[in-house]
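Okay, so here's the structure we're looking at.
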There are 4 protein chains.
Amino acid sequence: MKKHILSLIAMVFLAGQAFAQLPDPGFTVDEHTAIVITDPQNDFLSPNGVTWGVVGKSVEENNTVENIETLFELGQKADLPVFVSPHYYYAHDHKWEFEGALEALMHKIGMFDRKGPLTTENFEGSGADWLERYKKHINNGKAVVTSPHKVYGPETNDLVLQLRKRGINKVILGGMSANLCTESHLRELVEQGFEVAVVKDATAAAVIPGKIDGYQAALVNFRMIASHVFTTKELEKAIGASK
Amino acid sequence: MKKHILSLIAMVFLAGQAFAQLPDPGFTVDEHTAIVITDPQNDFLSPNGVTWGVVGKSVEENNTVENIETLFELGQKADLPVFVSPHYYYAHDHKWEFEGALEALMHKIGMFDRKGPLTTENFEGSGADWLERYKKHINNGKAVVTSPHKVYGPETNDLVLQLRKRGINKVILGGMSANLCTESHLRELVEQGFEVAVVKDATAAAVIPGKIDGYQAALVNFRMIASHVFTTKELEKAIGASK
Amino acid sequence: MKKHILSLIAMVFLAGQAFAQLPDPGFTVDEHTAIVITDPQNDFLSPNGVTWGVVGKSVEENNTVENIETLFELGQKADLPVFVSPHYYYAHDHKWEFEGALEALMHKIGMFDRKGPLTTENFEGSGADWLERYKKHINNGKAVVTSPHKVYGPETNDLVLQLRKRGINKVILGGMSANLCTESHLRELVEQGFEVAVVKDATAAAVIPGKIDGYQAALVNFRMIASHVFTTKELEKAIGASK
Amino acid sequence: MKKHILSLIAMVFLAGQAFAQLPDPGFTVDEHTAIVITDPQNDFLSPNGVTWGVVGKSVEENNTVENIETLFELGQKADLPVFVSPHYYYAHDHKWEFEGALEALMHKIGMFDRKGPLTTENFEGSGADWLERYKKHINNGKAVVTSPHKVYGPETNDLVLQLRKRGINKVILGGMSANLCTESHLRELVEQGFEVAVVKDATAAAVIPGKIDGYQAALVNFRMIASHVFTTKELEKAIGASK
């Protein structure tokens with residue numbers, strides 16, 4: 001009995017050790033790999049966007065705008081298909097009867113607002129539009145633009161189907177914002193049986209000093225949930241090596 | 001033009017302010033509300049469980065074991081249906097061809113292991129079994145035990161259906177562990193159109209000082225994603241007031 | 001033992017009887033009920049649509065065009081929210097690497113084709129556009145138009161979320177075509193815990209005499225899967241009675 | 001203008017022709033292909049099962065029991081992984097507040113009933129148990145038994161994840177019953193981006209002469225939705241050829 005308890009203690013100790021040394025499964029880019037970008041839109045990434053006041057510092061520190069552009073370019077260079085999952089709210093979404101905290105805020109500040117799903121009136125250059133410098137990468141006749149996700153994850157759009165219909169089972173993930181849409185895409189893609197790596201400086205998040213740090217939260221969860229976490233530079237190298 | 005820029009700056013500033021003052025939509029307990037508990041199992045909550053070395057301190061600091069029990073008791077007293085979403089791995093799950101970091105670890109340390117879906121051999125008292133003190137609350141002929149989730153969220157089990165088939169559209173969420181299964185349940189339930197409140201001290205998470213703080217990460221995301229965050233005491237009061 | 005066998009035989013016989021007398025759970029319209037219409041688009045319902053050659057006869061026999069319009073009007077009169085789930089294919093969908101039989105056909109004949117998700121160029125009056133007479137019902141600032149479904153069911157769009165965000169848990173279903181998108185919506189809504197009734201003459205299907213009868217197939221499955229099957233007239237009466 | 005109308009008529013006519021000649025995309029068995037069997041349980045396939053009175057004739061005409069066994073054997077011989085998606089109802093499922101017609105019937109006749117998810121009391125030999133002759137194929141340490149589906153499709157279990165975690169993207173589908181669980185599995189797997197073939201005589205359905213023909217309904221939808229429809233013999237040949 002005593003022996004049993006001792007071995008139990010040993011096991012628990014070892015598990016603790018193992019946990020402290022979280023494995024890193026790694027991620028190899030192959031011909032079934034795609035790049036997925038969430039919300040590369042003005043409201044997150046432009047100094048004129050409605051959230052710049054809280055995400056701007058994190059965007060600048062991470063060099064997020066340039067790093068997302070690097071992902072688009074890597075897709076082109078390495079012939080990795082690129083999928084963009086945008087976030088739009090239409091007039092009818094403002095009639096929802098309940099919302100989580102940030103959903104309530106997004107609706108209040110008119111984030112990602114578009115007039116409706118079948119009109120592009122006033123869309124050009126709005127907070128919901130792509131960041132200007134990304135347009136040439138998204139409107140190139142190759143990138144797949146999915147239907148908008150409506151909360152944070154791809155449960156409400158066709159991203160998973162679009163990936164599968166192209167034979168994709170591995171995803172390199174970047175975009176905005178780290179702990180909300182990017183992380184919800186990570187979580188759902190993992191539930192759907194994709195192998196996912198996140199590019200941690202091709203994203204950013206709301207940081208309010210002393211109150212909330214969405215970016216740190218995301219880093220913790222990326223590390224635990226994804227197969228691997230890259231920097232943009234590490235990814236460039238990994239893709240170069242795989243060619 | 002100048003005026004336009006100034007009003008833009010003003011708008012961005014106000015959005016920043018609004019963001020800093022994240023709304024709290026609140027959560028009222030009504031007759032369509034249920035309590036959902038994730039992973040109330042030995043491997044998380046017992047000192048003999050395989051993760052105690054990394055989650056034990058957070059469990060003790062939050063008084064998690066007692067607070068989860070209070071949720072079970074509140075369900076009974078206030079006639080709120082209770083749903084339990086467990087986490088099991090069977091022999092065949094160990095043949096998966098790829099895993100995220102923590103999935104790899106869970107499999108390595110034999111977390112939540114059961115022999116198979118159609119046998120309870122060696123289950124009693126194992127790491128996959130309920131914490132002993134919860135058994136009277138779960139095996140009372142009233143609580144609904146769903147099929148196991150297989151990664152972190154309820155995408156792979158029948159929780160959403162079971163809730164809907166009982167007319168539930170609001171969920172009070174607790175259980176283990178905060179930033180993984182609890183948060184993935186929060187995120188998926190929100191995507192499925194539930195109104196969700198989280199009980200922040202009826203959960204806990206892996207904390208490795210100076211390296212990883214799963215609990216802080218969860219608090220950030222609970223605050224942003226849920227409709228409201230309760231302590232167990234606040235929830236008790238709210239339920240008392242609603243009766 | 002013999003007795004046991006006899007009682008088994010009796011039980012099986014009674015089950016057979018029960019099965020032959022399939023229950024009809026019924027469907028009561030209440031304040032949580034919405035009308036959902038699938039694919040009310042030219043390619044199915046206009047003599048100029050690409051499928052008219054095979055669905056036209058069924059559309060005419062069922063008086064489908066008028067009955068769908070009656071559903072829109074009932075929504076307006078009885079203050080039941082109306083949700084429309086359209087079917088669109090974009091240029092990028094034509095690059096899918098595999099398809100089921102009818103998916104292959106739809107792509108081949110250019111069914112539901114639009115140029116892209118962020119342009120309405122050439123959309124007006126095309127096969128993908130609403131039937132002209134429905135436009136006043138859909139573009140009235142009240143109906144919710146979801147993102148397009150991409151195969152047959154709402155798994156790839158935001159219909160379930162939109163319904164839940166308005167407090168809907170019961171659905172009256174009509175639209176095109178009976179055994180494909182309408183039935184896939186029925187099946188998925190039932191899996192998601194909605195109570196669903198189908199209006200069997202506000203739909204129609206491909207019928208190729210002596211070869212395939214999509215409408216009969218749908219009737220069999222509506223009867224088994226839905227909570228109730230209405231005709232448009234029966235529904236009008238039921239809604240009148242509930243007011 | 002006239003010319004335009006004439007070309008429109010021509011196009012519609014050709015589309016009708018195309019539709020009448022529904023393409024057959026075909027299905028090639030490769031190393032990413034699995035066999036999925038729905039509900040190989042006594043309540044459907046044994047003369048003692050509760051539905052034998054209505055499905056027995058279809059089961060005998062199709063030689064379903066033997067053909068499903070052939071699928072299990074083909075999996076073994078050709079080294080194709082086998083996944084089984086069962087159907088169970090527990091005590092708590094009988095408290096659902098609403099059901100579709102056949103769900104109501106299944107509950108009424110005690111179909112697929114088990115005492116609970118964590119006990120196998122009275123399971124052996126019950127209507128919910130595997131058909132006796134299949135046990136050696138399912139309990140061989142290789143087949144993956146998923147959690148039960150709770151309505152008709154795999155939305156409520158882990159089938160999709162289990163397939164993806166083994167690198168499967170093509171499915172050969174058989175099991176019971178044709179127009180309900182088998183077809184709902186077909187539809188959901190297609191929505192999730194799997195390439196699916198159905199084996200039309202390794203399934204069967206409720207047939208009540210002059211009233212309902214579930215098998216005919218299924219055949220119509222298999223032909224339209226799947227990538228290919230095999231007979232068991234055709235599949236044997238196709239697999240033989242692929243080796």
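In the structure tokens, chains take the letters A, B, ... in the order shown, each chain's residues start at 1, and ligands count up from 1 in the order shown.
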Please find the residues of chain B near chain D - the criterion being any atom within 9 Å, counting only C-alpha atoms - and write them as a PyMOL selection string. chain B and resi 91-93+95-99+116-120+141-151+154-162+164-167
With only C-alpha atoms as the counted atoms, please give the residues lying no more than 9 Å from stretch 198-213 of chain B, apart from itself and same-chain residues fewer than 4 positions off, as a ChimeraX atom specification. /A:19-20,217,220 /B:44,51-71,171-180,182,186,217-219,222-223,226-232,234-235
Stretch 75-242 of chain B: which residues are alpha helix (DSSP H) by DSSP, as a ChimeraX atom specification? /B:75-78,101-108,135-138,159-165,183-191,214-225,232-242
Residues within 9 Å of D:His94, only C-alpha atoms, excluding chain neighbours under 4 positions, as a PyMOL selection string: chain D and resi 89-90+107-108
Could you pull out the residues in stretch 23-211 of chain B that DSSP calls strand (DSSP E) from the backbone, as a list in words?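 Here is the list: Thr33, Ala34, Ile35, Val36, Ile37, Thr38, Val82, Phe83, Val84, Ser85, Val144, Val145, Lys170, Val171, Ile172, Leu173, Gly174, Gly175, Glu195, Val196, Ala197, Val198, Val199, Val207 and Ile208 of chain B.
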Got time to write the residues from that selection, C-alpha atoms, as a PDB file, in the first residue's frame?
ATOM      1  CA  THR B  33     -30.791  28.420 -17.534  1.00  0.00           C
ATOM      2  CA  ALA B  34     -28.589  25.397 -16.839  1.00  0.00           C
ATOM      3  CA  ILE B  35     -25.318  24.737 -15.067  1.00  0.00           C
ATOM      4  CA  VAL B  36     -22.580  23.120 -17.177  1.00  0.00           C
ATOM      5  CA  ILE B  37     -19.499  21.586 -15.545  1.00  0.00           C
ATOM      6  CA  THR B  38     -16.462  20.530 -17.584  1.00  0.00           C
ATOM      7  CA  VAL B  82     -27.013  20.269 -14.420  1.00  0.00           C
ATOM      8  CA  PHE B  83     -25.004  19.005 -17.399  1.00  0.00           C
ATOM      9  CA  VAL B  84     -21.567  17.433 -17.068  1.00  0.00           C
ATOM     10  CA  SER B  85     -19.198  17.283 -20.048  1.00  0.00           C
ATOM     11  CA  VAL B 144     -27.128  14.797 -17.686  1.00  0.00           C
ATOM     12  CA  VAL B 145     -23.716  13.293 -18.446  1.00  0.00           C
ATOM     13  CA  LYS B 170     -28.514  30.274 -20.975  1.00  0.00           C
ATOM     14  CA  VAL B 171     -25.526  28.559 -19.365  1.00  0.00           C
ATOM     15  CA  ILE B 172     -23.634  29.047 -16.100  1.00  0.00           C
ATOM     16  CA  LEU B 173     -20.234  27.522 -16.726  1.00  0.00           C
ATOM     17  CA  GLY B 174     -17.647  26.092 -14.343  1.00  0.00           C
ATOM     18  CA  GLY B 175     -15.195  23.198 -14.196  1.00  0.00           C
ATOM     19  CA  GLU B 195     -25.897  33.334 -23.383  1.00  0.00           C
ATOM     20  CA  VAL B 196     -23.049  32.276 -21.087  1.00  0.00           C
ATOM     21  CA  ALA B 197     -21.754  33.355 -17.678  1.00  0.00           C
ATOM     22  CA  VAL B 198     -18.581  31.885 -16.198  1.00  0.00           C
ATOM     23  CA  VAL B 199     -17.925  31.280 -12.496  1.00  0.00           C
ATOM     24  CA  VAL B 207       0.222  27.852 -13.572  1.00  0.00           C
ATOM     25  CA  ILE B 208       3.992  27.502 -13.874  1.00  0.00           C
TER      26      ILE B 208
END
Provide the atom CA of C:Val50 to atom CA of C:His137 distance in Å, to one decimal place. 23.4 Å
Expressed in Å to a single decimal, how great is the separation between atom CA of C:Leu102 and atom CA of C:Ala128?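 Atom CA of C:Ala128 lies at a distance of 16.7 Å from atom CA of C:Leu102.
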Point-to-point distance from atom CA of C:Ala241 to atom CA of C:Gly193, Å rounded to tenths: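 If I compute the distance from atom CA of C:Ala241 to atom CA of C:Gly193, I get 25.7 Å.
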